[in-house]
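Q: mmCIF, C-alpha atoms and all ligand atoms, saved as target38.cif, coming up:
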data_protein
loop_
_atom_site.label_atom_id
_atom_site.label_comp_id
_atom_site.auth_asym_id
_atom_site.auth_seq_id
_atom_site.Cartn_x
_atom_site.Cartn_y
_atom_site.Cartn_z
CA MET A 1 40.05 30.67 -32.25
CA SER A 2 39.07 29.29 -28.84
CA LYS A 3 35.48 28.15 -28.20
CA THR A 4 34.40 28.66 -24.62
CA VAL A 5 31.44 26.54 -23.56
CA VAL A 6 29.83 27.62 -20.30
CA VAL A 7 27.84 24.98 -18.39
CA LEU A 8 25.51 26.47 -15.76
CA GLY A 9 24.68 24.05 -12.94
CA ALA A 10 26.58 21.13 -11.42
CA GLY A 11 23.75 18.66 -10.89
CA LEU A 12 22.78 15.44 -12.65
CA GLY A 13 22.62 17.31 -15.99
CA GLY A 14 25.60 19.69 -15.79
CA ILE A 15 28.24 17.29 -14.44
CA PRO A 16 28.23 14.72 -17.30
CA VAL A 17 28.02 17.42 -19.99
CA ALA A 18 30.99 19.29 -18.49
CA HIS A 19 33.01 16.04 -18.29
CA TRP A 20 32.27 15.17 -21.90
CA LEU A 21 33.30 18.63 -23.13
CA ALA A 22 36.48 18.72 -21.03
CA ALA A 23 37.44 15.22 -22.24
CA LYS A 24 36.76 16.21 -25.85
CA SER A 25 38.90 19.30 -25.45
CA THR A 26 41.71 17.19 -23.99
CA GLN A 27 41.52 14.40 -26.58
CA SER A 28 40.51 15.91 -29.92
CA ASP A 29 39.42 19.54 -29.91
CA PRO A 30 42.05 21.80 -28.34
CA GLU A 31 39.99 24.90 -29.22
CA LEU A 32 37.28 23.92 -26.71
CA ARG A 33 37.38 25.34 -23.18
CA VAL A 34 34.80 24.49 -20.53
CA ILE A 35 33.68 26.70 -17.65
CA LEU A 36 31.35 25.03 -15.14
CA VAL A 37 29.43 27.51 -12.98
CA ALA A 38 27.51 26.52 -9.84
CA PRO A 39 27.17 27.72 -6.23
CA ASN A 40 27.84 24.20 -4.91
CA ASP A 41 31.50 23.14 -4.99
CA GLU A 42 30.36 19.63 -4.05
CA PHE A 43 28.10 17.55 -6.27
CA PHE A 44 24.96 16.42 -4.38
CA TRP A 45 23.48 12.99 -5.21
CA ASN A 46 20.05 14.33 -4.35
CA ILE A 47 18.26 11.07 -5.24
CA ALA A 48 19.34 9.75 -1.83
CA SER A 49 18.25 12.88 0.07
CA PRO A 50 15.19 11.15 1.66
CA ARG A 51 17.59 8.72 3.39
CA VAL A 52 20.47 11.06 4.23
CA ILE A 53 18.17 13.27 6.36
CA ILE A 54 17.35 10.34 8.69
CA PRO A 55 19.70 10.49 11.72
CA GLY A 56 22.25 7.67 11.49
CA ALA A 57 20.89 6.19 8.22
CA MET A 58 23.48 7.38 5.69
CA GLY A 59 26.63 9.52 5.90
CA GLU A 60 27.06 12.71 3.84
CA ASP A 61 30.13 11.12 2.23
CA LYS A 62 27.71 8.94 0.22
CA VAL A 63 25.97 11.95 -1.34
CA LEU A 64 28.42 14.87 -1.44
CA TYR A 65 31.52 14.76 -3.69
CA SER A 66 34.18 17.41 -4.35
CA ILE A 67 33.78 18.80 -7.89
CA LYS A 68 37.39 20.03 -7.86
CA ASP A 69 38.66 16.48 -7.24
CA ALA A 70 36.36 14.97 -9.87
CA PHE A 71 37.64 17.36 -12.56
CA SER A 72 41.30 17.47 -11.48
CA LYS A 73 42.24 15.22 -14.43
CA TYR A 74 41.73 18.14 -16.86
CA SER A 75 44.32 20.89 -17.22
CA ASP A 76 43.48 24.50 -16.34
CA ASP A 77 43.43 25.57 -19.99
CA LYS A 78 40.66 22.98 -20.69
CA PHE A 79 38.45 23.24 -17.61
CA GLU A 80 37.59 25.84 -14.98
CA PHE A 81 35.12 25.65 -12.11
CA VAL A 82 33.54 28.95 -11.09
CA ALA A 83 31.77 28.99 -7.70
CA GLY A 84 28.77 31.27 -8.15
CA LYS A 85 25.30 31.70 -9.63
CA ALA A 86 24.30 33.00 -13.03
CA GLU A 87 22.65 36.33 -12.33
CA GLU A 88 21.87 37.58 -15.83
CA LEU A 89 22.08 35.92 -19.20
CA HIS A 90 22.70 38.22 -22.19
CA PRO A 91 21.98 35.85 -25.08
CA ASP A 92 22.21 38.61 -27.72
CA ALA A 93 25.73 39.43 -26.52
CA ASN A 94 26.77 35.79 -25.83
CA SER A 95 27.71 36.46 -22.23
CA VAL A 96 26.52 35.66 -18.73
CA THR A 97 26.98 37.68 -15.54
CA VAL A 98 27.81 35.48 -12.57
CA ALA A 99 27.43 36.49 -8.89
CA LEU A 100 30.45 34.75 -7.39
CA ASN A 101 30.29 33.09 -3.97
CA ASP A 102 32.97 35.56 -2.75
CA GLY A 103 30.56 38.48 -3.28
CA THR A 104 32.10 39.82 -6.52
CA LYS A 105 30.74 39.53 -10.08
CA ARG A 106 32.23 38.20 -13.29
CA ASP A 107 31.04 38.52 -16.90
CA ILE A 108 31.81 35.37 -18.87
CA PRO A 109 31.65 35.51 -22.70
CA TYR A 110 30.77 32.24 -24.42
CA HIS A 111 30.62 30.52 -27.80
CA THR A 112 27.93 28.12 -26.51
CA ILE A 113 26.10 27.86 -23.20
CA VAL A 114 24.37 24.86 -21.59
CA ILE A 115 21.76 25.70 -18.96
CA ALA A 116 21.38 22.88 -16.42
CA THR A 117 20.26 24.89 -13.42
CA GLY A 118 17.39 22.58 -12.48
CA ALA A 119 15.08 23.42 -9.61
CA ASP A 120 15.23 24.10 -5.87
CA ALA A 121 12.96 22.62 -3.21
CA ARG A 122 10.78 25.02 -1.22
CA ASP A 123 11.75 26.35 2.23
CA ASP A 124 15.41 25.33 1.73
CA MET A 125 14.61 21.65 2.18
CA PRO A 126 17.70 19.60 1.22
CA TRP A 127 15.90 17.49 -1.38
CA LYS A 128 18.06 19.49 -3.80
CA VAL A 129 21.19 21.58 -3.36
CA VAL A 130 20.57 24.48 -0.95
CA GLY A 131 22.88 27.21 -2.33
CA THR A 132 26.52 26.48 -1.46
CA SER A 133 27.70 23.05 -0.31
CA GLN A 134 28.10 24.41 3.24
CA GLN A 135 24.46 25.51 3.18
CA THR A 136 23.37 22.08 1.92
CA ARG A 137 25.33 20.34 4.69
CA ALA A 138 23.84 22.73 7.28
CA ALA A 139 20.28 22.10 6.00
CA ILE A 140 20.77 18.30 6.24
CA SER A 141 22.18 18.59 9.73
CA GLN A 142 19.35 20.90 10.92
CA LEU A 143 16.65 18.59 9.58
CA ARG A 144 18.29 15.56 11.23
CA ASP A 145 18.26 17.40 14.59
CA GLN A 146 14.62 18.37 14.19
CA ILE A 147 13.65 14.78 13.29
CA GLU A 148 15.60 13.43 16.26
CA LYS A 149 13.75 15.72 18.69
CA ALA A 150 10.22 15.37 17.25
CA SER A 151 7.67 12.82 18.50
CA SER A 152 5.22 13.56 15.70
CA ILE A 153 6.10 14.46 12.10
CA VAL A 154 3.83 15.49 9.22
CA VAL A 155 5.17 15.20 5.68
CA GLY A 156 3.40 17.62 3.32
CA GLY A 157 2.93 16.31 -0.21
CA ALA A 158 2.73 12.76 -1.59
CA GLY A 159 4.74 13.08 -4.78
CA ILE A 160 8.00 11.14 -5.30
CA THR A 161 9.85 13.11 -2.62
CA GLY A 162 7.03 12.99 -0.05
CA VAL A 163 6.47 9.23 -0.45
CA GLU A 164 10.20 8.46 -0.22
CA VAL A 165 10.67 10.71 2.84
CA ALA A 166 7.58 9.26 4.60
CA GLY A 167 8.82 5.75 3.71
CA GLU A 168 12.21 6.36 5.36
CA LEU A 169 10.56 7.93 8.43
CA GLY A 170 7.98 5.13 8.60
CA TYR A 171 10.64 2.41 8.41
CA THR A 172 12.84 4.06 11.06
CA TYR A 173 10.21 5.30 13.51
CA ALA A 174 6.51 4.60 12.80
CA LYS A 175 6.85 0.81 12.38
CA SER A 176 8.19 0.47 15.92
CA GLY A 177 5.83 3.12 17.33
CA ALA A 178 8.77 5.40 18.26
CA LYS A 179 7.28 8.41 16.46
CA SER A 180 4.00 9.21 14.75
CA ILE A 181 4.44 9.83 11.00
CA THR A 182 1.70 11.29 8.79
CA ILE A 183 1.69 12.06 5.07
CA ILE A 184 -0.72 14.50 3.39
CA SER A 185 -1.86 13.74 -0.14
CA ALA A 186 -3.88 16.09 -2.37
CA ASP A 187 -5.45 13.08 -4.10
CA SER A 188 -6.96 9.79 -2.94
CA LEU A 189 -3.72 8.02 -3.95
CA PRO A 190 -0.10 9.18 -3.72
CA LEU A 191 2.00 10.22 -6.78
CA GLU A 192 0.90 12.06 -9.91
CA SER A 193 -2.14 10.92 -11.89
CA ARG A 194 0.12 10.05 -14.90
CA ILE A 195 1.46 7.10 -12.84
CA MET A 196 -0.38 3.74 -13.10
CA THR A 197 -3.09 3.19 -10.48
CA SER A 198 -1.56 -0.14 -9.40
CA THR A 199 1.80 1.56 -8.69
CA ARG A 200 0.07 4.32 -6.74
CA GLU A 201 -1.95 1.77 -4.76
CA THR A 202 1.20 -0.19 -3.92
CA ALA A 203 2.91 2.98 -2.69
CA LYS A 204 -0.02 3.72 -0.36
CA LYS A 205 -0.20 0.12 0.88
CA GLU A 206 3.54 0.00 1.61
CA LEU A 207 3.40 3.28 3.55
CA GLU A 208 0.49 1.97 5.61
CA LYS A 209 2.37 -1.27 6.31
CA LEU A 210 5.05 0.93 7.87
CA GLN A 211 2.30 2.48 10.07
CA VAL A 212 2.49 5.83 8.26
CA LYS A 213 -0.88 7.63 8.60
CA TYR A 214 -2.14 8.56 5.17
CA ILE A 215 -4.42 11.62 4.90
CA SER A 216 -5.98 11.77 1.43
CA ASN A 217 -7.79 14.46 -0.59
CA ALA A 218 -6.34 17.29 1.47
CA ARG A 219 -4.51 20.45 0.43
CA ILE A 220 -2.21 22.27 2.82
CA SER A 221 -3.70 25.73 3.22
CA GLY A 222 -1.33 27.06 5.88
CA VAL A 223 1.27 26.16 8.48
CA THR A 224 1.62 28.21 11.67
CA ALA A 225 3.66 27.94 14.86
CA SER A 226 1.90 26.46 17.90
CA GLU A 227 2.43 27.81 21.42
CA ASP A 228 4.59 24.85 22.49
CA GLY A 229 7.08 25.34 19.63
CA GLY A 230 5.45 22.84 17.27
CA LYS A 231 3.37 23.45 14.16
CA ILE A 232 -0.31 23.61 13.26
CA VAL A 233 -0.94 22.34 9.72
CA LYS A 234 -4.20 23.60 8.21
CA LEU A 235 -5.78 21.35 5.61
CA THR A 236 -8.65 21.95 3.20
CA LYS A 237 -10.29 18.69 2.17
CA THR A 238 -11.79 18.22 -1.31
CA ASP A 239 -15.28 18.40 0.25
CA SER A 240 -14.22 21.91 1.51
CA THR A 241 -14.06 20.92 5.19
CA GLU A 242 -11.16 22.43 7.14
CA VAL A 243 -8.96 20.27 9.37
CA GLU A 244 -6.11 21.24 11.70
CA LEU A 245 -3.27 18.89 12.60
CA LYS A 246 -0.93 19.59 15.47
CA THR A 247 2.57 18.21 15.08
CA ASP A 248 6.08 18.67 16.45
CA LEU A 249 7.61 18.91 12.99
CA PHE A 250 6.24 19.72 9.54
CA ILE A 251 8.40 18.66 6.57
CA PRO A 252 7.36 20.25 3.24
CA ALA A 253 7.91 17.92 0.29
CA TYR A 254 5.87 19.76 -2.33
CA GLY A 255 6.38 22.71 -4.64
CA ILE A 256 9.62 23.41 -6.49
CA LYS A 257 11.11 26.57 -7.99
CA TYR A 258 12.86 26.38 -11.35
CA ASN A 259 16.23 28.15 -11.33
CA THR A 260 15.76 30.18 -14.48
CA GLU A 261 15.09 33.71 -13.26
CA PHE A 262 18.45 34.89 -14.70
CA THR A 263 17.15 34.39 -18.28
CA PRO A 264 15.15 36.92 -20.34
CA SER A 265 11.44 36.38 -19.59
CA GLU A 266 10.62 35.42 -23.23
CA MET A 267 12.76 32.30 -22.81
CA ARG A 268 10.46 30.99 -20.01
CA ASP A 269 6.99 29.44 -19.86
CA ASP A 270 4.38 30.26 -17.18
CA SER A 271 5.81 27.70 -14.75
CA GLY A 272 9.29 29.20 -15.06
CA ARG A 273 10.75 26.38 -17.18
CA LEU A 274 12.69 27.27 -20.33
CA HIS A 275 11.24 26.66 -23.78
CA GLN A 276 13.22 23.92 -25.57
CA ASP A 277 13.08 22.91 -29.22
CA THR A 278 13.80 19.40 -30.46
CA SER A 279 17.54 20.01 -30.49
CA LEU A 280 17.31 20.90 -26.76
CA ARG A 281 18.02 24.52 -27.64
CA SER A 282 16.21 27.71 -26.86
CA PRO A 283 14.00 28.33 -29.92
CA GLN A 284 15.33 31.93 -30.03
CA TYR A 285 19.05 31.24 -29.57
CA LYS A 286 20.87 28.48 -31.44
CA ASN A 287 23.88 28.49 -29.10
CA VAL A 288 21.81 28.20 -25.89
CA PHE A 289 21.19 24.57 -24.86
CA ILE A 290 19.00 23.42 -21.98
CA VAL A 291 19.10 20.04 -20.21
CA GLY A 292 17.27 18.57 -17.26
CA ASP A 293 14.59 20.03 -15.01
CA ALA A 294 15.13 23.63 -16.23
CA GLY A 295 13.73 22.78 -19.72
CA ASN A 296 10.05 22.21 -20.50
CA LEU A 297 10.18 19.51 -23.20
CA GLN A 298 9.80 16.58 -20.78
CA VAL A 299 8.91 15.80 -17.17
CA ALA A 300 11.39 16.93 -14.52
CA GLN A 301 12.98 13.55 -13.80
CA ALA A 302 16.50 12.16 -13.89
CA ALA A 303 15.15 9.27 -15.98
CA VAL A 304 14.60 11.56 -19.00
CA LEU A 305 17.64 13.68 -18.25
CA GLY A 306 19.95 10.72 -18.94
CA ALA A 307 18.57 10.44 -22.48
CA GLN A 308 18.92 14.19 -23.00
CA VAL A 309 22.58 14.13 -21.97
CA GLU A 310 23.31 11.12 -24.21
CA TYR A 311 21.69 12.91 -27.16
CA LEU A 312 23.48 16.17 -26.52
CA VAL A 313 27.01 14.82 -26.27
CA LYS A 314 26.49 12.74 -29.42
CA GLN A 315 25.14 15.71 -31.37
CA PHE A 316 27.79 18.11 -30.07
CA GLU A 317 30.32 16.38 -32.39
CA ARG A 318 28.41 17.74 -35.40
CA TYR A 319 27.29 20.97 -33.81
CA PHE A 320 30.87 22.05 -33.16
CA LYS A 321 31.79 21.21 -36.78
CA ASP A 322 28.96 22.78 -38.78
CA GLY A 323 26.18 23.81 -36.33
CA GLN A 324 23.86 21.03 -37.57
CA MET A 325 22.04 18.51 -35.36
CA ASP A 326 19.56 15.64 -35.70
CA ALA A 327 16.27 16.06 -33.82
CA TYR A 328 15.89 14.70 -30.30
CA LYS A 329 13.00 12.27 -29.98
CA PRO A 330 11.59 12.33 -26.45
CA ASP A 331 10.62 8.88 -25.20
CA PRO A 332 7.12 9.19 -23.66
CA LYS A 333 7.59 6.00 -21.60
CA ILE A 334 7.24 6.51 -17.86
CA LEU A 335 10.27 5.28 -15.92
CA LEU A 336 9.91 5.36 -12.18
CA ALA A 337 11.67 3.50 -9.37
CA LEU A 338 10.42 4.57 -5.98
CA SER A 339 11.82 3.55 -2.61
CA ILE A 340 9.46 3.18 0.34
CA GLY A 341 11.99 2.84 3.10
CA PRO A 342 15.18 0.80 2.70
CA SER A 343 13.36 -2.51 2.36
CA ARG A 344 10.53 -1.81 -0.08
CA ALA A 345 10.03 -0.27 -3.53
CA THR A 346 7.57 0.14 -6.35
CA GLY A 347 7.55 1.81 -9.74
CA GLN A 348 6.74 1.59 -13.41
CA LEU A 349 8.50 0.86 -16.71
CA GLY A 350 6.25 2.03 -19.53
CA MET A 351 2.93 0.34 -18.81
CA TRP A 352 4.64 -2.48 -16.92
CA LYS A 353 4.95 -2.70 -13.16
CA PRO A 354 8.15 -4.67 -12.53
CA PHE A 355 8.43 -6.94 -9.51
CA ASN A 356 8.98 -4.80 -6.45
CA ILE A 357 12.13 -6.75 -5.60
CA ILE A 358 13.75 -5.65 -8.88
CA LEU A 359 12.97 -2.03 -8.12
CA TRP A 360 14.24 -2.47 -4.58
CA TRP A 361 17.51 -3.89 -5.97
CA PHE A 362 18.04 -0.95 -8.34
CA LYS A 363 16.73 1.88 -6.16
CA ALA A 364 15.78 1.35 -2.53
CA ARG A 365 18.81 -0.74 -1.56
CA TYR A 366 21.37 2.09 -1.89
CA MET A 367 19.34 4.95 -3.45
CA GLY A 368 21.86 4.97 -6.28
CA THR A 369 24.77 5.88 -3.99
CA ASP A 370 26.67 2.81 -5.23
CA THR A 371 27.16 4.61 -8.57
CA ALA A 372 27.21 8.26 -7.43
CA GLY A 373 31.02 8.39 -7.04
CA ASP A 374 31.58 7.07 -10.58
CA PHE A 375 28.96 9.46 -11.91
CA VAL A 376 30.69 12.55 -10.54
CA GLN A 377 34.04 11.28 -11.85
CA GLY A 378 32.48 11.09 -15.33
CA THR A 379 33.06 7.35 -15.66
CA LYS A 380 29.39 6.36 -15.43
CA ILE A 381 26.32 8.03 -16.91
CA LEU A 382 22.69 7.84 -15.79
CA LYS A 383 21.01 4.69 -17.08
CA THR A 384 17.99 5.44 -19.24
CA LYS A 385 17.03 1.91 -20.15
C1 LIG A 401 14.13 13.38 -3.34
C2 LIG A 401 14.20 13.24 -4.82
C3 LIG A 401 14.33 11.99 -5.38
C4 LIG A 401 14.37 11.83 -6.76
N1 LIG A 401 14.45 10.58 -7.28
C5 LIG A 401 14.39 10.44 -8.61
C6 LIG A 401 14.41 9.13 -9.19
O1 LIG A 401 14.49 8.14 -8.50
N2 LIG A 401 14.34 9.03 -10.53
C7 LIG A 401 14.25 10.12 -11.34
O2 LIG A 401 14.17 9.96 -12.56
N3 LIG A 401 14.27 11.37 -10.82
C8 LIG A 401 14.33 11.56 -9.50
N4 LIG A 401 14.33 12.82 -8.96
C9 LIG A 401 14.41 13.98 -9.86
C10 LIG A 401 15.88 14.33 -10.17
O3 LIG A 401 16.57 14.50 -8.96
C11 LIG A 401 15.96 15.60 -11.01
O4 LIG A 401 15.29 15.36 -12.23
C12 LIG A 401 17.40 15.97 -11.29
O5 LIG A 401 18.09 16.28 -10.11
C13 LIG A 401 17.49 17.17 -12.22
O6 LIG A 401 18.83 17.44 -12.46
P1 LIG A 401 19.29 18.85 -13.04
O7 LIG A 401 20.75 18.73 -13.30
O8 LIG A 401 18.40 19.27 -14.15
O9 LIG A 401 19.02 19.91 -11.88
P2 LIG A 401 19.43 19.95 -10.35
O10 LIG A 401 19.70 18.61 -9.82
O11 LIG A 401 18.38 20.77 -9.69
O12 LIG A 401 20.82 20.73 -10.34
C14 LIG A 401 20.86 22.11 -10.63
C15 LIG A 401 22.27 22.64 -10.47
O13 LIG A 401 22.26 24.02 -10.89
C16 LIG A 401 22.82 24.83 -9.86
N5 LIG A 401 22.24 26.17 -9.99
C17 LIG A 401 21.03 26.61 -9.57
N6 LIG A 401 20.86 27.89 -9.92
C18 LIG A 401 21.98 28.26 -10.60
C19 LIG A 401 22.40 29.45 -11.24
N7 LIG A 401 21.62 30.55 -11.25
N8 LIG A 401 23.63 29.48 -11.82
C20 LIG A 401 24.42 28.36 -11.83
N9 LIG A 401 24.07 27.21 -11.24
C21 LIG A 401 22.86 27.16 -10.64
C22 LIG A 401 22.48 24.09 -8.58
O14 LIG A 401 23.31 24.52 -7.54
C23 LIG A 401 22.78 22.65 -9.04
O15 LIG A 401 24.16 22.46 -9.06
C24 LIG A 401 14.30 12.98 -7.59
C25 LIG A 401 14.19 14.26 -7.02
C26 LIG A 401 14.14 14.39 -5.65
C27 LIG A 401 14.01 15.78 -5.06
#
In structure tokens, how does this file's structure come out?
A:
Amino acid sequence: MSKTVVVLGAGLGGIPVAHWLAAKSTQSDPELRVILVAPNDEFFWNIASPRVIIPGAMGEDKVLYSIKDAFSKYSDDKFEFVAGKAEELHPDANSVTVALNDGTKRDIPYHTIVIATGADARDDMPWKVVGTSQQTRAAISQLRDQIEKASSIVVGGAGITGVEVAGELGYTYAKSGAKSITIISADSLPLESRIMTSTRETAKKELEKLQVKYISNARISGVTASEDGGKIVKLTKTDSTEVELKTDLFIPAYGIKYNTEFTPSEMRDDSGRLHQDTSLRSPQYKNVFIVGDAGNLQVAQAAVLGAQVEYLVKQFERYFKDGQMDAYKPDPKILLALSIGPSRATGQLGMWKPFNIILWWFKARYMGTDTAGDFVQGTKILKTK
């Protein structure tokens, strides 16, 4: 009897899982059949998105790769790519309804499903895939045009994305005085409070060296259009004072939406992430697996996702034989490599802050694009150590 495994999402989680299953079907388990479902027919190496939006800094060919080409080595009876979005999961009936990109719908029955639908950035910012690949390309191109035309830019949010975007803008424009770049942080230091203070301080110092203006302890309470076509960014400081900033361009780099609304509500937590047990399954459904940002067991970072994928493909051997699995042991160590423009970096490995040059070598130099092509081909996995 054939076993159809549906993988939802073609991001950093879905791509390696789909490759592993298709290879296993080809090499040793002819009963397996893999269906990969995603609206994007090109894989997006989103880790480099802060650099690809800078006009002239990096071509789209470094971050967007044809999924069809990457999976062409598997025959049609082993692997199928379906361009569309899961619209409704019916876990009691083992099927998923997909809204196809061509406007029609398809119900796909499954033996096992892997949910790797991740999260979207707010306001269609291309930090993540924006719907179809054409929409992602259009969003990158639009943001490049807006950056080109603006004399002043405010980046909202000083998490990983905000710091990396402000770093690229600072390096390209603020350092030379060509444009004014400002970043808004809700805290006194950038990045989340779980990150070491020394790493956070380095991030702030490096941004300031690039002449990026750092506004601390401020929450964005509203953004409106100004009469001259720019934006007015309203800030509420922690001491409750209100401040208004006028800028040509506001770039939101805060707030994400987990792509899980197609699941029954009891599968989700209050933030929208899916409950995961220690076999990376939904506690209610033993044939529903979750990897990456969509699941709530660990932080939403590629660094932990690599370990989840490694665990899953190893355990799938047993799962497909007798349904049994060893428990996944989440590693609580913080792994962070942060670029601050193409020439600087900082980060953290557990409670150790490696030399910035090492982090620059691994991250800021190419933003991982040197391995992205191999990753989408399935010949390289995300490094977790
Ligand atoms: C700018 C930036 C830089 C980052 N840098 C780092 C870093 O240096 N280190 C690190 O550890 N982490 C980093 N991250 C985090 C990392 O990118 C995420 O953890 C990772 O992308 C999560 O992968 P994922 O596969 O779970 O989800 P995603 O990458 O969000 O992929 C989700 C996939 O699901 C698809 N999809 C969405 N909805 C549906 C649906 N209904 N049906 C079917 N498919 C659907 C999407 O189109 C996409 O293909 C960074 C994030 C950003 C934004």
Q: Check which residues fall inside 7 Å of ligand LIG 401 (chain A) when counting all atoms listed in the file, and print them as number ranges by chain.
A: A: 8-14, 37-40, 43, 46-50, 84-87, 116-120, 127-129, 131, 160-161, 259-260, 262, 291-294, 300-305, 335-338
Q: At a cut-off of 7 Å, using all atoms listed in the file, what residues contact Ile251 in chain A? Leave out same-chain residues fewer than 4 positions from it and give the result as a PyMOL selection string.
A: chain A and resi 154-156
Q: Which of these, A:Arg273, A:Lys24, A:Arg51, A:Lys73, has the shortest distance to Glu164 in chain A once you count all atoms listed in the file?
A: A:Arg51
Q: Determine, counting all atoms listed in the file, every residue of protein, DNA or RNA that lies within 12 Å of (39.5, 30.6, -30.4) in the file coordinates, then give the result as an MDAnalysis selection string.
A: chainID A and resid 1:5 29:33 110:111
Q: Residues near Met351 in chain A, anyone? I mean within 10 Å using all atoms listed in the file, not counting same-chain ones fewer than 4 positions away, as a list in words.
A: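 Contacts, in chain order: Ile195, Met196, Lys333, Ile334 and Leu335 of chain A.
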Q: CA of Lys78 in chain A and CA of Leu21 in chain A, how far apart in Å?
A: 8.9 Å
Q: Nearest residue to Leu89 in chain A out of A:Leu245, A:Ile115, A:Val313, A:Leu64, using all atoms listed in the file?
A: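 Residue with the minimum atom-to-atom distance to Leu89 in chain A: A:Ile115.
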Q: Have a look at A:Arg106, A:Lys314, A:Arg344, A:Arg365 and name the one nearest to Lys204 in chain A; count all atoms listed in the file.
A: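 Using all atoms listed in the file, the shortest distance to Lys204 in chain A belongs to A:Arg344.
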Q: Select, from A:Glu310, A:Asp69, A:Glu168, A:Asp41, the residue with the minimum atom-to-atom distance to Val82 in chain A, counting all atoms listed in the file.
A: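 The shortest atom-to-atom distance to Val82 in chain A comes from A:Asp41.
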Q: Hey, could you pull the box centre and edge lengths for range 255-258 of chain A, axis-aligned, 5 Å padding per side, all listed atoms, to one decimal in Å, as JSON?
A:
{"center_x": 9.6, "center_y": 24.6, "center_z": -8.0, "size_x": 16.5, "size_y": 13.9, "size_z": 16.7}
Q: Would you work out the distance separating CA of Gly347 in chain A from CA of Val376 in chain A, expressed in Å to one decimal?
A: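 CA of Val376 in chain A lies at a distance of 25.5 Å from CA of Gly347 in chain A.
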Q: Near Pro332 in chain A, within 12 Å and counting all atoms listed in the file, which residues show up once chain neighbours fewer than 4 positions away are dropped, as a PyMOL selection string?
A: chain A and resi 194+297-299+303-304+307+349-351
Q: Nearest to Glu201 in chain A among A:Gln324, A:Asn94, A:Asn217, A:Thr346, with distances taken over all atoms listed in the file: which residue is it?
A: A:Thr346
Q: Using all atoms listed in the file, find the one residue out of A:Thr132, A:Val114, A:Pro283, A:Glu227 that sits nearest to Leu100 in chain A.
A: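 Ranked by minimum distance to Leu100 in chain A, first place goes to A:Thr132.
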Q: Would you list the contacts of Ala23 in chain A as a list in words, taking every protein, DNA or RNA residue within 12 Å and counting all atoms listed in the file, but skipping same-chain residues closer than 3 positions in sequence?
A: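 Counting only the stated atoms, we get Pro16, Val17, Ala18, His19, Trp20, Thr26, Gln27, Ser28, Asp29, Pro30, Leu32, Arg33, Val34, Phe71, Ser72, Lys73, Tyr74, Ser75, Lys78, Phe79, Val313, Gln377, Gly378 and Thr379 of chain A.
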Q: Residues at most 10 Å from Ser216 in chain A, counting all atoms listed in the file, excluding those fewer than 4 positions away in the same chain, as an NGL selection string?
A: :A and (158 or 183-190 or 237-238)
Q: Between CA of Asp124 in chain A and CA of Ala253 in chain A, what is the spacing in Å?
A: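 According to the coordinates, CA of Ala253 in chain A and CA of Asp124 in chain A are separated by 10.6 Å.
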